[in-house]
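To be precise, the following lines are run-v9.pdb, and they hold PDB, N, CA and C atoms.
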ATOM      1  N   MET A  12       6.679 -43.093  66.528
ATOM      2  CA  MET A  12       6.323 -41.735  66.225
ATOM      3  C   MET A  12       6.500 -41.516  64.717
ATOM      4  N   PHE A  13       5.470 -40.952  64.083
ATOM      5  CA  PHE A  13       5.511 -40.683  62.663
ATOM      6  C   PHE A  13       6.027 -39.272  62.426
ATOM      7  N   MET A  14       6.866 -39.163  61.436
ATOM      8  CA  MET A  14       7.386 -37.847  61.057
ATOM      9  C   MET A  14       6.644 -37.399  59.800
ATOM     10  N   TYR A  15       5.931 -36.332  59.890
ATOM     11  CA  TYR A  15       5.206 -35.813  58.748
ATOM     12  C   TYR A  15       6.057 -34.755  58.060
ATOM     13  N   SER A  16       6.111 -34.850  56.752
ATOM     14  CA  SER A  16       6.857 -33.840  56.012
ATOM     15  C   SER A  16       6.038 -32.556  55.951
ATOM     16  N   LYS A  17       6.713 -31.476  55.731
ATOM     17  CA  LYS A  17       6.017 -30.187  55.634
ATOM     18  C   LYS A  17       5.271 -30.068  54.321
ATOM     19  N   ARG A  18       5.667 -30.880  53.375
ATOM     20  CA  ARG A  18       5.050 -30.836  52.049
ATOM     21  C   ARG A  18       4.287 -32.138  51.816
ATOM     22  N   PRO A  19       2.981 -32.070  51.633
ATOM     23  CA  PRO A  19       2.198 -33.289  51.397
ATOM     24  C   PRO A  19       2.604 -33.980  50.099
ATOM     25  N   ARG A  20       2.459 -35.297  50.058
ATOM     26  CA  ARG A  20       2.880 -36.065  48.885
ATOM     27  C   ARG A  20       2.112 -35.700  47.636
ATOM     28  N   GLY A  21       0.840 -35.469  47.756
ATOM     29  CA  GLY A  21       0.023 -35.181  46.582
ATOM     30  C   GLY A  21       0.312 -33.843  45.942
ATOM     31  N   GLN A  22       1.006 -32.983  46.637
ATOM     32  CA  GLN A  22       1.260 -31.650  46.108
ATOM     33  C   GLN A  22       2.150 -31.708  44.868
ATOM     34  N   GLY A  23       3.168 -32.551  44.866
ATOM     35  CA  GLY A  23       4.047 -32.655  43.702
ATOM     36  C   GLY A  23       3.293 -33.139  42.479
ATOM     37  N   LEU A  24       2.440 -34.131  42.665
ATOM     38  CA  LEU A  24       1.632 -34.645  41.562
ATOM     39  C   LEU A  24       0.693 -33.578  41.038
ATOM     40  N   LEU A  25       0.101 -32.823  41.934
ATOM     41  CA  LEU A  25      -0.802 -31.752  41.522
ATOM     42  C   LEU A  25      -0.059 -30.681  40.729
ATOM     43  N   GLU A  26       1.142 -30.346  41.145
ATOM     44  CA  GLU A  26       1.926 -29.342  40.420
ATOM     45  C   GLU A  26       2.253 -29.826  39.009
ATOM     46  N   TYR A  27       2.646 -31.099  38.868
ATOM     47  CA  TYR A  27       2.931 -31.636  37.540
ATOM     48  C   TYR A  27       1.677 -31.643  36.677
ATOM     49  N   ALA A  28       0.532 -31.953  37.262
ATOM     50  CA  ALA A  28      -0.725 -31.960  36.507
ATOM     51  C   ALA A  28      -1.067 -30.546  36.036
ATOM     52  N   LEU A  29      -0.878 -29.552  36.891
ATOM     53  CA  LEU A  29      -1.164 -28.164  36.494
ATOM     54  C   LEU A  29      -0.239 -27.704  35.380
ATOM     55  N   ILE A  30       1.025 -28.071  35.460
ATOM     56  CA  ILE A  30       1.971 -27.709  34.397
ATOM     57  C   ILE A  30       1.555 -28.366  33.089
ATOM     58  N   LEU A  31       1.165 -29.628  33.150
ATOM     59  CA  LEU A  31       0.735 -30.342  31.948
ATOM     60  C   LEU A  31      -0.503 -29.687  31.333
ATOM     61  N   VAL A  32      -1.440 -29.276  32.163
ATOM     62  CA  VAL A  32      -2.644 -28.604  31.663
ATOM     63  C   VAL A  32      -2.281 -27.270  31.014
ATOM     64  N   LEU A  33      -1.405 -26.510  31.628
ATOM     65  CA  LEU A  33      -1.002 -25.223  31.051
ATOM     66  C   LEU A  33      -0.288 -25.406  29.719
ATOM     67  N   VAL A  34       0.573 -26.401  29.623
ATOM     68  CA  VAL A  34       1.269 -26.674  28.357
ATOM     69  C   VAL A  34       0.263 -27.080  27.288
ATOM     70  N   ALA A  35      -0.710 -27.900  27.655
ATOM     71  CA  ALA A  35      -1.731 -28.317  26.688
ATOM     72  C   ALA A  35      -2.531 -27.121  26.187
ATOM     73  N   ILE A  36      -2.871 -26.195  27.078
ATOM     74  CA  ILE A  36      -3.621 -25.003  26.672
ATOM     75  C   ILE A  36      -2.805 -24.156  25.707
ATOM     76  N   VAL A  37      -1.521 -24.000  25.980
ATOM     77  CA  VAL A  37      -0.656 -23.208  25.091
ATOM     78  C   VAL A  37      -0.544 -23.865  23.718
ATOM     79  N   VAL A  38      -0.379 -25.184  23.692
ATOM     80  CA  VAL A  38      -0.261 -25.890  22.413
ATOM     81  C   VAL A  38      -1.558 -25.775  21.612
ATOM     82  N   ILE A  39      -2.691 -25.946  22.275
ATOM     83  CA  ILE A  39      -3.980 -25.831  21.578
ATOM     84  C   ILE A  39      -4.177 -24.426  21.038
ATOM     85  N   ALA A  40      -3.830 -23.416  21.823
ATOM     86  CA  ALA A  40      -3.968 -22.029  21.358
ATOM     87  C   ALA A  40      -3.062 -21.768  20.165
ATOM     88  N   ALA A  41      -1.844 -22.290  20.199
ATOM     89  CA  ALA A  41      -0.924 -22.091  19.080
ATOM     90  C   ALA A  41      -1.440 -22.775  17.822
ATOM     91  N   LEU A  42      -1.964 -23.978  17.959
ATOM     92  CA  LEU A  42      -2.499 -24.679  16.791
ATOM     93  C   LEU A  42      -3.727 -23.973  16.225
ATOM     94  N   MET A  43      -4.547 -23.430  17.102
ATOM     95  CA  MET A  43      -5.722 -22.700  16.620
ATOM     96  C   MET A  43      -5.306 -21.418  15.898
ATOM     97  N   ALA A  44      -4.277 -20.769  16.393
ATOM     98  CA  ALA A  44      -3.816 -19.538  15.754
ATOM     99  C   ALA A  44      -3.152 -19.830  14.407
ATOM    100  N   MET A  45      -2.452 -20.948  14.316
ATOM    101  CA  MET A  45      -1.739 -21.297  13.089
ATOM    102  C   MET A  45      -2.578 -22.161  12.156
ATOM    103  N   GLY A  46      -3.787 -22.500  12.541
ATOM    104  CA  GLY A  46      -4.626 -23.393  11.757
ATOM    105  C   GLY A  46      -4.813 -22.981  10.307
ATOM    106  N   PRO A  47      -5.232 -21.744  10.053
ATOM    107  CA  PRO A  47      -5.414 -21.331   8.646
ATOM    108  C   PRO A  47      -4.122 -21.390   7.840
ATOM    109  N   TRP A  48      -3.019 -21.018   8.449
ATOM    110  CA  TRP A  48      -1.729 -21.055   7.751
ATOM    111  C   TRP A  48      -1.357 -22.491   7.395
ATOM    112  N   ILE A  49      -1.534 -23.401   8.333
ATOM    113  CA  ILE A  49      -1.221 -24.815   8.081
ATOM    114  C   ILE A  49      -2.146 -25.366   6.993
ATOM    115  N   GLY A  50      -3.414 -24.983   7.030
ATOM    116  CA  GLY A  50      -4.350 -25.415   5.989
ATOM    117  C   GLY A  50      -3.934 -24.936   4.614
ATOM    118  N   ASN A  51      -3.464 -23.701   4.524
ATOM    119  CA  ASN A  51      -3.006 -23.172   3.233
ATOM    120  C   ASN A  51      -1.793 -23.929   2.727
ATOM    121  N   VAL A  52      -0.894 -24.275   3.603
ATOM    122  CA  VAL A  52       0.299 -25.031   3.198
ATOM    123  C   VAL A  52      -0.113 -26.383   2.620
ATOM    124  N   PHE A  53      -1.024 -27.079   3.307
ATOM    125  CA  PHE A  53      -1.469 -28.381   2.807
ATOM    126  C   PHE A  53      -2.228 -28.238   1.489
ATOM    127  N   ASN A  54      -2.991 -27.175   1.334
ATOM    128  CA  ASN A  54      -3.695 -26.958   0.064
ATOM    129  C   ASN A  54      -2.712 -26.707  -1.073
ATOM    130  N   GLN A  55      -1.658 -25.960  -0.818
ATOM    131  CA  GLN A  55      -0.644 -25.717  -1.841
ATOM    132  C   GLN A  55       0.072 -27.010  -2.216
ATOM    133  N   ILE A  56       0.371 -27.829  -1.222
ATOM    134  CA  ILE A  56       1.031 -29.119  -1.491
ATOM    135  C   ILE A  56       0.106 -30.000  -2.332
ATOM    136  N   ASN A  57      -1.168 -30.044  -1.959
ATOM    137  CA  ASN A  57      -2.132 -30.862  -2.679
ATOM    138  C   ASN A  57      -2.281 -30.386  -4.124
ATOM    139  N   THR A  58      -2.327 -29.079  -4.316
ATOM    140  CA  THR A  58      -2.461 -28.520  -5.653
ATOM    141  C   THR A  58      -1.240 -28.844  -6.502
ATOM    142  N   SER A  59      -0.053 -28.739  -5.904
ATOM    143  CA  SER A  59       1.162 -29.022  -6.678
ATOM    144  C   SER A  59       1.282 -30.507  -7.013
ATOM    145  N   ILE A  60       0.829 -31.376  -6.112
ATOM    146  CA  ILE A  60       0.871 -32.812  -6.394
ATOM    147  C   ILE A  60      -0.150 -33.162  -7.483
ATOM    148  N   ALA A  61      -1.330 -32.543  -7.434
ATOM    149  CA  ALA A  61      -2.358 -32.833  -8.424
ATOM    150  C   ALA A  61      -1.935 -32.355  -9.808
ATOM    151  N   GLY A  62      -1.089 -31.328  -9.877
ATOM    152  CA  GLY A  62      -0.649 -30.801 -11.174
ATOM    153  C   GLY A  62       0.452 -31.622 -11.816
ATOM    154  N   VAL A  63       0.977 -32.598 -11.110
ATOM    155  CA  VAL A  63       2.094 -33.385 -11.658
ATOM    156  C   VAL A  63       1.587 -34.469 -12.542
TER
END
Please express what this file holds, its structure, as structure tokens.
Amino acid sequence: MFMYSKRPRGQGLLEYALILVLVAIVVIAALMAMGPWIGNVFNQINTSIAGV
């Protein structure tokens, strides 16, 4: 006689995949929001290095 668990095996994997997708979306949104600021920082660094 086989004992079936109440929770299917694939459910845990699916939950981890959904969490990973949500984290990726948050990271991409944060990078897109901070993109211009990060670009300005790199431009300032480049300008200061070129002036040396």
List every residue of chain A that DSSP, applied to the backbone of this structure, assigns to helix (DSSP H, G or I), and report them as a ChimeraX atom specification. /A:20-61
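Between atom CA of Ala61 of chain A and atom CA of Gly46 of chain A lies a distance of 22.4 Å.
Across the structure, atom C of Asn51 of chain A and atom N of Val34 of chain A are spaced 27.1 Å apart.
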Specify the axis-aligned box that encloses all atoms of segment 38-44 of chain A listed in the file after padding of 6 Å on each side, stating its centre and edge lengths in Å to one decimal as AutoDock Vina command-line options.
--center_x -3.0 --center_y -22.7 --center_z 19.0 --size_x 17.5 --size_y 18.4 --size_z 21.3
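Across the model, the gap from atom C of Leu24 of chain A to atom CA of Val38 of chain A is 20.2 Å.
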